[in-house]
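Asker: Let me begin by handing over the structure; questions about it come next.
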Amino acid sequence: MTEDLARYHRQMLLAGFGEAGQRRLLGSTAVVLGCGALGSTIADLLARAGVGHLVLIDRDFIELTNLQRQVLFDERDAAEALPKAEAAKARIARVNSQVKVTAVVDDLNSSNIERYADGADVLLDGLDNFETRYLVNDYAVKRGVPYVYGGAVGAVGTAFVVLPHTPEGTAPWERGMGENRATPCLRCLFEEAPPPGTGATCDTAGVIGSAPAIVASFQVAEALKILTGNFDRVCPTLLSFDLWLNTFQQFKVARAYEKGDCPCCKHRRFEYLDGKLGSGATTLCGRDAVQLRQRQSSTGIDLETLAERMRPLGAVTVNRYMLRAFITDHGKPYELTLFRDGRTIVKGTHEPAVARALHAKYIGS
Ligand SMILES: [Zn+2]
């Protein structure tokens, strides 16, 4: 064993890994989408495992309330309010200097994903909203790149590996292993995002640090299988657990592709990547406000329930037509007005990325 591989000795002992697997890791690129609780654990484990190039994408800055679960950051990072992607890069340089890290401080959207994710061997999801997940899912299916979905809120975690079907059927996971191991995609499993305001978010429902830690650890194990070519070992089921209720479940979803009529992986219509579906953010001229137009909910939004959830965060008023909440984020005051048809006006910014971030944190998708 050569000296540059010595630090990976314990990992190379694993069946199906060896020196060849380690060399494949060192030559791989993993793109980590989001650097919060999931993303920071993912980036830490991938760096220690020796994945040669990490691209870390995150739009947010570190604050004190992140430290309870975001393992790459410390009090000094929070005091300096560093961008998460940059702080993660600095920390990883001290953990494993063999790994190259590209830090991207930006809001991931349909106009930049092709640029940032170019060259990815695997995409790892540390995102906080379904709209961006569908965008990543579109990209993954279109380009035939494996995508490891993960989510955690409260004490609940969910994860699934997407090995996309390709038009020619020539991806490594589709041939040469006795059976085709391509999986359903995220839209096969969850056809539409839940209407705005119906899902819990970490900022309203809370989160215990171990839930994202488990999901992230699972995602990294799957990514290591993918990057070393062990596709026959990739978990084919949807993982779901609740640490507070002590439930661990695996759902067999393999038939969702054959049985379903997925616009993305069956018809190859990439509506999020093409910008046809999504939040349609509009800056409201002269008002220091941005309007987000989410998909219209057929049942309308339960503003009263959402108001109850948001009350601990600041003043909230609700009437038949809308909910208005006054919140403080990163020390700045904002006014969020959510209408029953799914529209939201975020006052206090003229930047669509900031408005989308606030919506994901406090209202959820
Ligand atoms: Zn699909």
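Just remember, in the structure tokens the first chain shown is A, the second B, etc., residues are 1-based per chain, and ligands are 1-based in the order shown.
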Report the residues of segment 95-317 of chain A whose backbone DSSP state falls under strand (DSSP E), written as a ChimeraX atom specification.

Answerer: /A:100-104,122-125,147-153,156-162,237-242,247-252,282-284,289-293,316-317

Asker: Within 7 Å of Ala360 of chain A, counting only C-alpha atoms, which residues qualify if same-chain residues fewer than 5 places away don't, as a PDB file with N, CA and C atoms, in the first residue's frame?

Answerer:
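See around_3.pdb below for the written result:
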ATOM      1  N   ASP A 128     -33.486  21.963   1.913  1.00  0.00           N
ATOM      2  CA  ASP A 128     -34.555  22.196   2.886  1.00  0.00           C
ATOM      3  C   ASP A 128     -35.906  22.437   2.216  1.00  0.00           C
ATOM      4  N   ASN A 129     -36.016  22.169   0.912  1.00  0.00           N
ATOM      5  CA  ASN A 129     -37.323  22.377   0.264  1.00  0.00           C
ATOM      6  C   ASN A 129     -37.468  21.489  -0.970  1.00  0.00           C
ATOM      7  N   SER A 365     -42.245  23.728   2.182  1.00  0.00           N
ATOM      8  CA  SER A 365     -42.942  23.332   0.968  1.00  0.00           C
ATOM      9  C   SER A 365     -43.452  21.922   1.105  1.00  0.00           C
TER      10      SER A 365
END

Asker: Calculated over only C-alpha atoms, which of the candidates A:Ile301, A:Ile214, A:Leu189, A:Val51 has the smallest distance to Ser28 of chain A?

Answerer: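 Among the listed residues, A:Val51 lies closest to Ser28 of chain A.
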
Asker: Let me make sure I understand: among A:Asp58, A:Glu174, A:Asp44, A:Glu191, which one has the smallest atom-to-atom distance to ligand 1 if we use only C-alpha atoms and all ligand atoms?

Answerer: A:Glu191

Asker: Select from chain A every residue with an atom at most 8 Å from any atom of ligand 1, then for each give the shortest pair of atoms and their distance in Å to one decimal, using only C-alpha atoms and all ligand atoms, rows by chain and rising number, as JSON lines.

Answerer:
{"residue": "A:Pro184", "atom": "CA", "partner": "ligand 1", "partner_atom_place_in_ligand_line": "1 (Zn)", "distance": 5.2}
{"residue": "A:Cys185", "atom": "CA", "partner": "ligand 1", "partner_atom_place_in_ligand_line": "1 (Zn)", "distance": 4.0}
{"residue": "A:Leu186", "atom": "CA", "partner": "ligand 1", "partner_atom_place_in_ligand_line": "1 (Zn)", "distance": 6.1}
{"residue": "A:Arg187", "atom": "CA", "partner": "ligand 1", "partner_atom_place_in_ligand_line": "1 (Zn)", "distance": 4.9}
{"residue": "A:Cys188", "atom": "CA", "partner": "ligand 1", "partner_atom_place_in_ligand_line": "1 (Zn)", "distance": 3.9}
{"residue": "A:Leu189", "atom": "CA", "partner": "ligand 1", "partner_atom_place_in_ligand_line": "1 (Zn)", "distance": 7.3}
{"residue": "A:Tyr257", "atom": "CA", "partner": "ligand 1", "partner_atom_place_in_ligand_line": "1 (Zn)", "distance": 6.2}
{"residue": "A:Gly260", "atom": "CA", "partner": "ligand 1", "partner_atom_place_in_ligand_line": "1 (Zn)", "distance": 7.9}
{"residue": "A:Asp261", "atom": "CA", "partner": "ligand 1", "partner_atom_place_in_ligand_line": "1 (Zn)", "distance": 7.7}
{"residue": "A:Cys262", "atom": "CA", "partner": "ligand 1", "partner_atom_place_in_ligand_line": "1 (Zn)", "distance": 4.5}
{"residue": "A:Pro263", "atom": "CA", "partner": "ligand 1", "partner_atom_place_in_ligand_line": "1 (Zn)", "distance": 6.7}
{"residue": "A:Cys264", "atom": "CA", "partner": "ligand 1", "partner_atom_place_in_ligand_line": "1 (Zn)", "distance": 5.1}
{"residue": "A:Cys265", "atom": "CA", "partner": "ligand 1", "partner_atom_place_in_ligand_line": "1 (Zn)", "distance": 4.0}
{"residue": "A:Lys266", "atom": "CA", "partner": "ligand 1", "partner_atom_place_in_ligand_line": "1 (Zn)", "distance": 6.1}

Asker: Could you jot down the atom CA of Thr41 of chain A to atom CA of Ile327 of chain A separation for me, Å, one decimal place?

Answerer: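 So the answer is 28.4 Å.
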
Asker: By how many Å are atom CA of Gly27 of chain A and atom CA of Arg48 of chain A apart?

Answerer: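 Separation of atom CA of Gly27 of chain A and atom CA of Arg48 of chain A: 14.4 Å.
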
Asker: Nearest to Thr201 of chain A: which of A:Phe339, A:Phe326, A:Phe248, A:Phe130 is it, counting only C-alpha atoms?

Answerer: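 Checking each candidate against Thr201 of chain A, we get A:Phe130 as the closest.
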
Asker: Using atom CA of Gln249 of chain A and atom CA of Val161 of chain A as the two end points, give the distance in Å to one decimal.

Answerer: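 Separation between atom CA of Gln249 of chain A and atom CA of Val161 of chain A: 15.3 Å.
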